[in-house]
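Pasted below: start.tsv, TSV, C-alpha atoms.
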```
chain	number	residue	atom	x	y	z
A	106	MET	CA	-32.78	-55.02	20.74
A	107	THR	CA	-34.07	-54.84	24.29
A	108	PRO	CA	-37.85	-54.96	24.47
A	109	ALA	CA	-39.57	-52.10	26.24
A	110	VAL	CA	-40.48	-52.94	29.82
A	111	THR	CA	-44.10	-52.28	30.67
A	112	SER	CA	-45.29	-51.58	34.17
A	113	ALA	CA	-47.32	-54.30	35.86
A	114	ALA	CA	-49.15	-51.61	37.80
A	115	PRO	CA	-48.82	-47.82	38.06
A	116	ALA	CA	-45.97	-46.84	40.40
A	117	ARG	CA	-47.29	-45.50	43.69
A	118	TRP	CA	-45.24	-43.31	45.99
A	119	GLN	CA	-45.06	-46.28	48.37
A	120	ASP	CA	-43.11	-48.20	45.71
A	121	PHE	CA	-40.47	-45.46	45.68
A	122	ALA	CA	-40.41	-45.52	49.49
A	123	GLN	CA	-39.82	-49.29	49.32
A	124	LEU	CA	-36.74	-48.65	47.15
A	125	LEU	CA	-35.18	-46.96	50.18
A	126	LYS	CA	-35.26	-50.25	52.18
A	127	PRO	CA	-37.02	-48.78	55.23
A	128	ARG	CA	-36.21	-51.75	57.51
A	129	VAL	CA	-32.47	-51.49	56.82
A	130	MET	CA	-32.79	-47.72	57.18
A	131	SER	CA	-34.30	-48.09	60.67
A	132	LEU	CA	-31.28	-50.12	61.89
A	133	VAL	CA	-28.90	-47.59	60.32
A	134	VAL	CA	-30.73	-44.69	62.01
A	135	PHE	CA	-30.59	-46.48	65.34
A	136	THR	CA	-26.84	-47.21	65.23
A	137	ALA	CA	-26.05	-43.73	63.88
A	138	LEU	CA	-28.07	-42.14	66.68
A	139	THR	CA	-26.12	-44.21	69.20
A	140	GLY	CA	-22.82	-42.97	67.75
A	141	LEU	CA	-24.07	-39.39	67.78
A	142	VAL	CA	-25.19	-39.57	71.42
A	143	CYS	CA	-22.06	-41.45	72.57
A	144	ALA	CA	-19.88	-38.64	71.18
A	145	ARG	CA	-21.06	-36.48	74.13
A	146	ALA	CA	-20.42	-33.37	72.01
A	147	PRO	CA	-22.49	-30.19	72.32
A	148	VAL	CA	-24.54	-30.11	69.13
A	149	ASN	CA	-27.71	-28.20	68.32
A	150	PRO	CA	-30.59	-30.72	68.58
A	151	ILE	CA	-32.05	-29.62	65.24
A	152	LEU	CA	-28.68	-30.10	63.53
A	153	ALA	CA	-28.39	-33.50	65.25
A	154	ALA	CA	-31.77	-34.44	63.77
A	155	VAL	CA	-30.60	-33.19	60.35
A	156	ALA	CA	-27.50	-35.41	60.66
A	157	ILE	CA	-29.64	-38.47	61.38
A	158	LEU	CA	-31.94	-37.54	58.49
A	159	CYS	CA	-28.96	-37.25	56.13
A	160	ILE	CA	-27.64	-40.66	57.22
A	161	ALA	CA	-31.12	-42.20	56.79
A	162	VAL	CA	-31.56	-40.67	53.32
A	163	GLY	CA	-28.02	-41.70	52.35
A	164	ALA	CA	-28.77	-45.27	53.42
A	165	GLY	CA	-32.03	-45.15	51.47
A	166	ALA	CA	-30.18	-43.86	48.40
A	167	SER	CA	-27.76	-46.82	48.66
A	168	GLY	CA	-30.77	-49.13	48.82
A	169	ALA	CA	-32.28	-47.59	45.67
A	170	LEU	CA	-28.97	-47.93	43.79
A	171	ASN	CA	-28.71	-51.54	44.97
A	172	MET	CA	-32.25	-52.33	43.80
A	173	TRP	CA	-31.54	-50.71	40.42
A	174	TYR	CA	-28.35	-52.69	39.80
A	175	ASP	CA	-29.52	-55.99	41.29
A	176	SER	CA	-32.97	-56.16	39.71
A	177	ASP	CA	-31.87	-59.09	37.49
A	178	ILE	CA	-30.86	-61.31	40.43
A	179	ASP	CA	-33.62	-59.98	42.70
A	180	ALA	CA	-36.15	-61.34	40.19
A	181	LEU	CA	-34.76	-64.86	40.72
A	182	MET	CA	-34.94	-64.98	44.53
A	183	ARG	CA	-38.08	-65.58	46.61
A	184	ARG	CA	-37.09	-63.01	49.25
A	185	THR	CA	-36.55	-60.21	46.71
A	186	ARG	CA	-38.72	-60.92	43.67
A	187	GLY	CA	-41.54	-58.72	44.97
A	188	ARG	CA	-39.30	-55.62	45.05
A	189	PRO	CA	-40.55	-52.68	42.95
A	190	VAL	CA	-38.07	-52.98	40.05
A	191	PRO	CA	-38.16	-56.78	39.40
A	192	ALA	CA	-41.94	-56.72	39.93
A	193	GLY	CA	-42.18	-54.09	37.17
A	194	ARG	CA	-43.81	-51.40	39.30
A	195	VAL	CA	-40.83	-49.00	39.01
A	196	GLN	CA	-38.50	-48.57	36.03
A	197	GLY	CA	-34.81	-49.26	36.72
A	198	ALA	CA	-33.84	-45.81	35.44
A	199	ASP	CA	-36.20	-44.20	37.95
A	200	ALA	CA	-34.63	-46.17	40.81
A	201	LEU	CA	-31.17	-45.07	39.61
A	202	ALA	CA	-32.23	-41.42	39.40
A	203	LEU	CA	-33.77	-41.54	42.88
A	204	GLY	CA	-30.59	-43.09	44.30
A	205	VAL	CA	-28.23	-40.57	42.68
A	206	VAL	CA	-30.33	-37.52	43.60
A	207	LEU	CA	-30.82	-38.57	47.23
A	208	SER	CA	-27.09	-39.43	47.56
A	209	LEU	CA	-26.08	-35.95	46.38
A	210	PHE	CA	-28.65	-34.18	48.55
A	211	SER	CA	-27.80	-36.13	51.71
A	212	VAL	CA	-24.02	-35.66	51.38
A	213	MET	CA	-24.24	-31.95	50.51
A	214	LEU	CA	-26.70	-31.23	53.33
A	215	MET	CA	-24.54	-33.14	55.83
A	216	GLY	CA	-21.48	-31.11	54.76
A	217	MET	CA	-23.24	-27.75	54.94
A	218	ALA	CA	-25.25	-28.39	58.12
A	219	LEU	CA	-22.74	-30.39	60.18
A	220	ASN	CA	-19.20	-30.91	58.89
A	221	TRP	CA	-17.33	-32.29	55.90
A	222	LEU	CA	-15.75	-35.20	57.78
A	223	ALA	CA	-19.22	-36.64	58.39
A	224	ALA	CA	-20.22	-35.82	54.80
A	225	SER	CA	-17.10	-37.55	53.44
A	226	LEU	CA	-17.75	-40.66	55.55
A	227	LEU	CA	-21.37	-40.69	54.34
A	228	ALA	CA	-20.27	-40.37	50.70
A	229	PHE	CA	-17.72	-43.15	51.20
A	230	THR	CA	-20.38	-45.39	52.74
A	231	ILE	CA	-22.81	-44.86	49.84
A	232	VAL	CA	-20.13	-45.48	47.20
A	233	PHE	CA	-18.78	-48.50	49.10
A	234	TYR	CA	-22.24	-50.11	49.31
A	235	ALA	CA	-23.44	-49.24	45.81
A	236	VAL	CA	-20.20	-49.74	43.87
A	237	VAL	CA	-17.75	-51.90	45.87
A	238	TYR	CA	-20.34	-54.25	47.40
A	239	THR	CA	-23.27	-54.26	44.94
A	240	MET	CA	-21.47	-53.96	41.61
A	241	TRP	CA	-18.28	-55.84	42.44
A	242	LEU	CA	-18.03	-58.03	45.55
A	243	LYS	CA	-21.57	-59.42	45.68
A	244	ARG	CA	-21.28	-61.32	42.38
A	245	SER	CA	-17.58	-62.16	42.52
A	246	THR	CA	-16.56	-63.51	45.94
A	247	ALA	CA	-17.95	-65.48	48.86
A	248	GLN	CA	-16.37	-62.84	51.11
A	249	ASN	CA	-18.93	-60.35	49.72
A	250	ILE	CA	-20.81	-59.73	52.94
A	251	VAL	CA	-17.64	-59.77	55.07
A	252	ILE	CA	-16.03	-56.85	53.22
A	253	GLY	CA	-19.31	-55.26	52.16
A	254	GLY	CA	-20.40	-55.29	55.80
A	255	LEU	CA	-18.22	-52.21	56.31
A	256	ALA	CA	-20.96	-50.11	54.69
A	257	GLY	CA	-23.47	-51.23	57.31
A	258	ALA	CA	-20.92	-50.78	60.09
A	259	LEU	CA	-20.03	-47.15	59.38
A	260	PRO	CA	-23.23	-45.28	60.46
A	261	PRO	CA	-22.18	-44.97	64.16
A	262	VAL	CA	-18.88	-43.43	63.02
A	263	ILE	CA	-20.76	-40.99	60.77
A	264	GLY	CA	-23.09	-40.09	63.65
A	265	TRP	CA	-20.12	-39.57	65.98
A	266	ALA	CA	-18.29	-37.45	63.39
A	267	ALA	CA	-21.41	-35.38	62.76
A	268	ALA	CA	-21.62	-34.45	66.44
A	269	ALA	CA	-17.94	-34.14	67.35
A	270	GLY	CA	-16.22	-33.37	64.05
A	271	ALA	CA	-13.86	-36.28	64.77
A	272	ALA	CA	-13.88	-40.08	64.67
A	273	PRO	CA	-11.96	-41.41	67.71
A	274	LEU	CA	-11.17	-45.04	68.50
A	275	ASN	CA	-14.40	-45.60	70.45
A	276	ALA	CA	-16.41	-44.70	67.33
A	277	TRP	CA	-14.43	-47.27	65.33
A	278	LEU	CA	-15.02	-49.81	68.10
A	279	LEU	CA	-18.78	-49.52	67.47
A	280	CYS	CA	-18.04	-49.94	63.75
A	281	ALA	CA	-15.93	-53.04	64.46
A	282	ILE	CA	-18.73	-54.65	66.49
A	283	ILE	CA	-21.20	-54.34	63.58
A	284	PHE	CA	-18.50	-55.40	61.11
A	285	ILE	CA	-17.72	-58.66	62.96
A	286	TRP	CA	-21.46	-59.22	63.69
A	287	THR	CA	-22.37	-59.13	59.99
A	288	PRO	CA	-20.88	-62.47	58.77
A	289	PRO	CA	-22.54	-64.74	61.38
A	290	HIS	CA	-25.80	-62.80	60.94
A	291	PHE	CA	-25.93	-63.17	57.13
A	292	TRP	CA	-24.42	-66.62	56.91
A	293	ALA	CA	-26.99	-67.95	59.40
A	294	LEU	CA	-29.65	-66.65	56.99
A	295	SER	CA	-27.85	-67.96	53.92
A	296	LEU	CA	-27.63	-71.48	55.41
A	297	TYR	CA	-31.34	-71.83	54.80
A	298	THR	CA	-31.73	-69.55	51.76
A	299	SER	CA	-28.63	-70.66	49.82
A	300	ASP	CA	-30.69	-72.30	47.07
A	301	ASP	CA	-32.07	-68.90	46.17
A	302	TYR	CA	-28.59	-67.37	46.02
A	303	ALA	CA	-27.30	-70.30	43.93
A	304	LYS	CA	-30.18	-69.90	41.49
A	305	ALA	CA	-29.30	-66.22	41.12
A	306	GLY	CA	-25.57	-66.98	40.72
A	307	VAL	CA	-24.59	-65.08	43.88
A	308	PRO	CA	-21.56	-66.76	45.50
A	309	MET	CA	-22.70	-66.99	49.11
A	310	MET	CA	-20.45	-68.93	51.50
A	311	PRO	CA	-22.62	-72.12	51.74
A	312	ASN	CA	-22.62	-72.48	47.92
A	313	VAL	CA	-18.89	-71.86	47.55
A	314	ALA	CA	-17.26	-73.40	50.65
A	315	GLY	CA	-20.09	-75.69	51.71
A	316	ALA	CA	-22.44	-75.69	54.67
A	317	ALA	CA	-19.96	-77.30	57.10
A	318	SER	CA	-17.31	-74.65	56.43
A	319	THR	CA	-19.93	-71.90	56.78
A	320	ARG	CA	-21.07	-73.27	60.15
A	321	ARG	CA	-17.44	-73.36	61.33
A	322	GLN	CA	-16.82	-69.78	60.18
A	323	ILE	CA	-20.01	-68.63	61.92
A	324	LEU	CA	-18.63	-70.06	65.16
A	325	VAL	CA	-15.22	-68.39	64.68
A	326	TYR	CA	-16.75	-64.97	64.01
A	327	SER	CA	-19.09	-65.42	67.00
A	328	LEU	CA	-16.12	-66.20	69.25
A	329	LEU	CA	-14.46	-62.98	68.04
A	330	LEU	CA	-17.66	-60.96	68.39
A	331	ALA	CA	-18.56	-61.86	71.98
A	332	PRO	CA	-15.41	-60.34	73.63
A	333	LEU	CA	-15.25	-57.47	71.14
A	334	ALA	CA	-18.80	-56.44	72.04
A	335	VAL	CA	-17.86	-56.37	75.74
A	336	ALA	CA	-14.85	-54.09	75.06
A	337	PRO	CA	-16.79	-50.76	75.16
A	338	ALA	CA	-17.39	-51.41	78.87
A	339	PHE	CA	-13.60	-51.05	79.36
A	340	THR	CA	-12.87	-48.13	77.04
A	341	GLY	CA	-14.96	-45.48	78.77
A	342	LEU	CA	-17.92	-45.99	76.43
A	343	GLY	CA	-20.26	-48.38	78.24
A	344	GLY	CA	-21.31	-48.70	81.88
A	345	GLY	CA	-22.29	-51.52	84.21
A	346	ALA	CA	-25.57	-52.23	82.42
A	347	TYR	CA	-23.73	-52.49	79.11
A	348	LEU	CA	-21.18	-54.85	80.63
A	349	ALA	CA	-23.94	-57.15	81.91
A	350	VAL	CA	-25.99	-57.07	78.69
A	351	SER	CA	-23.00	-57.56	76.37
A	352	ALA	CA	-21.57	-60.41	78.47
A	353	LEU	CA	-24.90	-62.24	78.72
A	354	GLY	CA	-25.83	-61.55	75.09
A	355	GLY	CA	-22.40	-62.66	73.89
A	356	ALA	CA	-22.70	-65.92	75.82
A	357	VAL	CA	-26.10	-66.65	74.26
A	358	PHE	CA	-24.76	-65.69	70.81
A	359	VAL	CA	-21.84	-68.13	71.14
A	360	LEU	CA	-24.19	-70.86	72.45
A	361	LEU	CA	-26.50	-70.45	69.45
A	362	ALA	CA	-23.49	-70.38	67.08
A	363	TRP	CA	-22.25	-73.60	68.71
A	364	ARG	CA	-25.66	-75.19	68.08
A	365	VAL	CA	-25.43	-74.11	64.42
A	366	PHE	CA	-21.93	-75.61	64.27
A	367	ARG	CA	-23.24	-78.91	65.64
A	368	SER	CA	-26.36	-78.87	63.44
A	369	ARG	CA	-26.77	-79.96	59.84
A	370	ALA	CA	-28.20	-76.62	58.73
A	371	GLY	CA	-27.62	-76.05	55.04
A	372	ASP	CA	-26.79	-79.70	54.25
A	373	ALA	CA	-30.11	-80.51	52.57
A	374	PRO	CA	-31.86	-78.56	49.79
A	375	ASP	CA	-33.98	-75.71	51.02
A	376	ASP	CA	-37.64	-76.28	50.18
A	377	ARG	CA	-39.24	-73.48	52.14
A	378	MET	CA	-42.19	-71.71	50.63
A	379	ASP	CA	-41.86	-68.00	51.39
A	380	GLY	CA	-41.45	-67.09	55.05
A	381	LEU	CA	-38.05	-65.90	56.27
A	382	TYR	CA	-38.44	-67.81	59.54
A	383	ASP	CA	-40.33	-70.80	58.12
A	384	VAL	CA	-37.60	-73.46	57.98
A	385	LYS	CA	-37.23	-77.22	58.27
A	386	VAL	CA	-36.26	-78.71	61.63
A	387	GLN	CA	-32.59	-79.19	60.76
A	388	ALA	CA	-32.20	-75.51	59.85
A	389	ALA	CA	-33.88	-74.30	63.05
A	390	ALA	CA	-30.52	-73.62	64.73
A	391	ALA	CA	-29.51	-71.28	61.89
A	392	ARG	CA	-32.91	-69.58	61.99
A	393	ASN	CA	-32.59	-69.09	65.78
A	394	LEU	CA	-29.13	-67.52	65.46
A	395	PHE	CA	-30.32	-65.23	62.66
A	396	ALA	CA	-33.28	-64.03	64.75
A	397	PHE	CA	-31.22	-63.63	67.93
A	398	SER	CA	-28.43	-61.75	66.12
A	399	ILE	CA	-30.85	-58.92	65.28
A	400	LEU	CA	-32.08	-58.71	68.87
A	401	TYR	CA	-28.50	-58.88	70.19
A	402	LEU	CA	-27.22	-55.92	68.16
A	403	ALA	CA	-30.34	-53.87	68.87
A	404	VAL	CA	-30.07	-54.45	72.63
A	405	LEU	CA	-26.33	-53.66	72.71
A	406	PHE	CA	-26.80	-50.30	71.02
A	407	ALA	CA	-30.02	-49.55	72.94
A	408	THR	CA	-28.17	-50.10	76.23
A	409	LEU	CA	-25.38	-47.72	75.21
A	410	LEU	CA	-27.97	-45.19	74.11
A	411	VAL	CA	-29.94	-45.39	77.34
A	412	GLU	CA	-26.79	-45.18	79.47
A	413	HIS	CA	-25.65	-42.02	77.71
A	414	VAL	CA	-29.07	-40.36	77.65
A	415	ALA	CA	-29.62	-41.21	81.33
A	416	GLY	CA	-26.14	-39.95	82.19
A	417	LEU	CA	-25.02	-43.23	83.75
A	418	ALA	CA	-21.27	-43.11	84.30
A	419	PRO	CA	-19.21	-45.43	82.12
A	420	LEU	CA	-16.92	-47.88	83.87
A	421	ARG	CA	-13.44	-46.46	84.40
A	422	VAL	CA	-11.29	-49.56	84.43
A	423	PHE	CA	-8.53	-48.55	82.04
A	424	ALA	CA	-9.70	-45.10	81.04
B	142	MET	CA	-52.59	-37.71	14.15
B	143	THR	CA	-51.89	-39.92	17.15
B	144	ASP	CA	-54.54	-40.86	19.65
B	145	PRO	CA	-54.39	-39.00	22.96
B	146	ILE	CA	-53.16	-41.09	25.87
B	147	ILE	CA	-56.09	-41.95	28.08
B	148	GLU	CA	-55.08	-42.49	31.68
B	149	ASP	CA	-57.11	-44.96	33.69
B	150	GLU	CA	-58.36	-44.11	37.18
B	151	ALA	CA	-55.69	-46.18	39.01
B	152	SER	CA	-52.84	-44.56	37.07
B	153	ALA	CA	-54.23	-41.08	37.67
B	154	ARG	CA	-54.57	-41.74	41.39
B	155	ALA	CA	-51.01	-43.13	41.57
B	156	ARG	CA	-49.65	-40.09	39.68
B	157	ARG	CA	-51.48	-37.66	42.01
B	158	GLY	CA	-50.02	-39.48	45.00
B	159	ARG	CA	-46.47	-39.34	43.60
B	160	ASN	CA	-46.80	-35.64	42.75
B	161	LEU	CA	-48.17	-34.82	46.20
B	162	VAL	CA	-45.36	-36.64	48.02
B	163	LEU	CA	-42.73	-35.02	45.75
B	164	ALA	CA	-44.21	-31.57	46.41
B	165	LEU	CA	-44.27	-32.16	50.18
B	166	GLY	CA	-40.67	-33.42	50.02
B	167	LEU	CA	-39.51	-30.30	48.17
B	168	VAL	CA	-41.32	-27.96	50.58
B	169	ALA	CA	-39.82	-29.84	53.54
B	170	PHE	CA	-36.35	-29.56	51.95
B	171	VAL	CA	-36.71	-25.79	51.45
B	172	ILE	CA	-37.84	-25.34	55.08
B	173	LEU	CA	-34.95	-27.56	56.24
B	174	ILE	CA	-32.35	-25.49	54.36
B	175	PHE	CA	-33.90	-22.28	55.75
B	176	VAL	CA	-33.78	-23.54	59.35
B	177	VAL	CA	-30.24	-24.91	58.99
B	178	THR	CA	-29.10	-21.59	57.53
B	179	LEU	CA	-30.62	-19.68	60.46
B	180	ILE	CA	-28.91	-21.97	62.99
B	181	ARG	CA	-25.52	-21.95	61.26
B	182	MET	CA	-25.50	-18.20	60.58
B	183	GLY	CA	-27.60	-16.99	63.49
B	184	ALA	CA	-24.93	-15.59	65.79
B	185	HIS	CA	-22.77	-14.30	62.94
B	186	VAL	CA	-25.66	-12.34	61.42
B	187	LEU	CA	-26.15	-10.43	64.69
B	188	ASP	CA	-22.39	-9.80	65.07
B	189	ARG	CA	-21.73	-8.38	61.60
B	190	SER	CA	-20.55	-4.79	61.20
B	191	ILE	CA	-23.06	-2.45	59.57
```
What is this file in structure tokens?
Amino acid sequence: MTPAVTSAAPARWQDFAQLLKPRVMSLVVFTALTGLVCARAPVNPILAAVAILCIAVGAGASGALNMWYDSDIDALMRRTRGRPVPAGRVQGADALALGVVLSLFSVMLMGMALNWLAASLLAFTIVFYAVVYTMWLKRSTAQNIVIGGLAGALPPVIGWAAAAGAAPLNAWLLCAIIFIWTPPHFWALSLYTSDDYAKAGVPMMPNVAGAASTRRQILVYSLLLAPLAVAPAFTGLGGGAYLAVSALGGAVFVLLAWRVFRSRAGDAPDDRMDGLYDVKVQAAAARNLFAFSILYLAVLFATLLVEHVAGLAPLRVFA
Amino acid sequence: MTDPIIEDEASARARRGRNLVLALGLVAFVILIFVVTLIRMGAHVLDRSI
């Protein structure tokens, strides 16, 4: 018989807000907004705001479902053990209910307020993250974050579809950039947090293929990412500023990935205390790439956003 | 007869907070549906035959 779980402290509304992973949500909102603006489609500004709200709530719902299902492994990892469910502040069933209700509301509202293509893509994203990634891939394969990264890559396509009612190749190009960015981003982090994942039984790349293989794969994905991220400048999506930022950012990204490749990050046991950026000297290269990868993606999408809002003409090389 | 459940001050405060946020969320949702309906139907409502 399963013993009844008692709350460590009464659940505050902030605990339920934490289930929605607000930091992940902010990145999702940002990339979705970029997709919506890049669509250059005439859309009522209030409906555009509703679309972004639906995407944010949908992402939050995925987070709540993830925290419900993963509470057993979250309790074993330093980075996640303070989350509301493993800490005992929120019951798992409540997290599940919140996730299901918000998923249904966000998809239905997106369909009724904008269009059903955007609603379908949002529903697919939620199911992909909560079921395909969380319940299946995460615990079964070292390629978990490669395939699962699709869920985090889709928001710009949803934003584009919400505004234009279609998802053209340029929207999928934004998706591809985030998709290829995800493995070097997460593997850089996992190089110095792999002990936690091993303890929880999550097959992250450094535990399965080894640190050297992970460092090599980080470099390969970075070499793919740098030119891919420049591509929007040649497809009628980005302008001169985007070309400069993506070229320079890509060069720095590859340089940092090269330093990770040449480093010994992940070779020795990880004996950090708690901080995400508090690492030993030999893992500093991985920490630097992880930190830069966040800045890189944010600046790429911010540049596209600013160019479109400011009405700067995209380059017309092939278009 | 069972003893009544006595709620301590922290639990009561947390429950009030949750209820308040839930109520505000529901009101916001109702207003959102109303505004979306007006925008989506607006022109069609004026054009309908009487």
Closest-contact table, chain B side, partner chain A, 7 Å, counting all atoms listed in the file, as a tab-separated table:
```
residue	atom	partner	partner_atom	distance
B:Ser152	CA	A:Pro115	CA	5.3
B:Ala155	CA	A:Arg117	CA	4.9
B:Gly158	CA	A:Trp118	CA	6.2
B:Arg159	CA	A:Trp118	CA	4.8
B:Val162	CA	A:Trp118	CA	7.0
B:Val177	CA	A:Ala218	CA	6.1
```
Pick from A:Gly187, A:Leu242, A:Gly168, A:Ile160 nearest to Met215 (chain A), counting only C-alpha atoms =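 Going through A:Gly187, A:Leu242, A:Gly168, A:Ile160 one by one, the smallest distance to Met215 (chain A) is for A:Ile160.
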Report the distance between CA of Ala271 (chain A) and CA of Gly165 (chain A) in Å, rounded to one decimal place.
->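 Between CA of Ala271 (chain A) and CA of Gly165 (chain A) the gap is 24.2 Å.
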With distances taken over only C-alpha atoms, the candidate from A:Tyr297, A:Trp292, A:Trp265, A:Phe284 nearest Met310 (chain A) is A:Trp292
Record the distance separating CA of Trp363 (chain A) and CA of Pro308 (chain A), expressed in Å with one decimal.
->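 Rounded to one decimal, the two atoms are 24.2 Å apart.
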Can you pull out every residue within 12 Å of Ala144 (chain A), counting all atoms listed in the file, but drop anything in the same chain fewer than 2 positions away, and send it as a tab-separated table (two decimals) with C-alpha atoms, in the frame of the given file?
```
chain	number	residue	atom	x	y	z
A	137	ALA	CA	-26.05	-43.73	63.88
A	138	LEU	CA	-28.07	-42.14	66.68
A	139	THR	CA	-26.12	-44.21	69.20
A	140	GLY	CA	-22.82	-42.97	67.75
A	141	LEU	CA	-24.07	-39.39	67.78
A	142	VAL	CA	-25.19	-39.57	71.42
A	146	ALA	CA	-20.42	-33.37	72.01
A	147	PRO	CA	-22.49	-30.19	72.32
A	148	VAL	CA	-24.54	-30.11	69.13
A	153	ALA	CA	-28.39	-33.50	65.25
A	261	PRO	CA	-22.18	-44.97	64.16
A	262	VAL	CA	-18.88	-43.43	63.02
A	263	ILE	CA	-20.76	-40.99	60.77
A	264	GLY	CA	-23.09	-40.09	63.65
A	265	TRP	CA	-20.12	-39.57	65.98
A	266	ALA	CA	-18.29	-37.45	63.39
A	267	ALA	CA	-21.41	-35.38	62.76
A	268	ALA	CA	-21.62	-34.45	66.44
A	269	ALA	CA	-17.94	-34.14	67.35
A	270	GLY	CA	-16.22	-33.37	64.05
A	271	ALA	CA	-13.86	-36.28	64.77
A	272	ALA	CA	-13.88	-40.08	64.67
A	273	PRO	CA	-11.96	-41.41	67.71
A	274	LEU	CA	-11.17	-45.04	68.50
A	275	ASN	CA	-14.40	-45.60	70.45
A	276	ALA	CA	-16.41	-44.70	67.33
A	277	TRP	CA	-14.43	-47.27	65.33
A	279	LEU	CA	-18.78	-49.52	67.47
A	341	GLY	CA	-14.96	-45.48	78.77
A	342	LEU	CA	-17.92	-45.99	76.43
A	409	LEU	CA	-25.38	-47.72	75.21
A	410	LEU	CA	-27.97	-45.19	74.11
A	413	HIS	CA	-25.65	-42.02	77.71
A	414	VAL	CA	-29.07	-40.36	77.65
```
Can you tell me, as an NGL selection string, what residues are no more than 12 Å from region 190-198 of chain A when counting all atoms listed in the file, ignoring any on the same chain fewer than 4 positions away?
-> (:A and (109-124 or 169-186 or 202-205)) or (:B and (152 or 155))
Do you have the CA of Val365 (chain A)-CA of His290 (chain A) distance handy?
-> 11.8 Å
Which residue gives the smallest distance to Gly355 (chain A) among A:Tyr302, A:Tyr234, A:Trp241, A:Tyr326, with all atoms listed in the file counted?
->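 Result for the nearest residue to Gly355 (chain A): A:Tyr326.
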Please determine an axis-aligned box that encloses all atoms of region 158-174 of chain B listed in the file, with 3 Å added on each side, and express its centre and edge lengths in Å to one decimal as lines of an AutoDock Vina configuration file.
```
center_x = -41.2
center_y = -32.4
center_z = 49.5
size_x = 23.7
size_y = 20.1
size_z = 19.5
```
Around the point (-28.7, -67.9, 69.0) in the file's coordinates, collect all residues with an atom within 10 Å, using only C-alpha atoms, and return them as an MDAnalysis selection string.
-> chainID A and resid 290 293 354:365 390:401
Would you mind listing what lies within 12 Å of Ser299 (chain A) as a ChimeraX atom specification, with all atoms listed in the file counted and same-chain residues fewer than 5 positions away left out?
-> /A:182-184,247,291-294,304-316,319,370-377,388
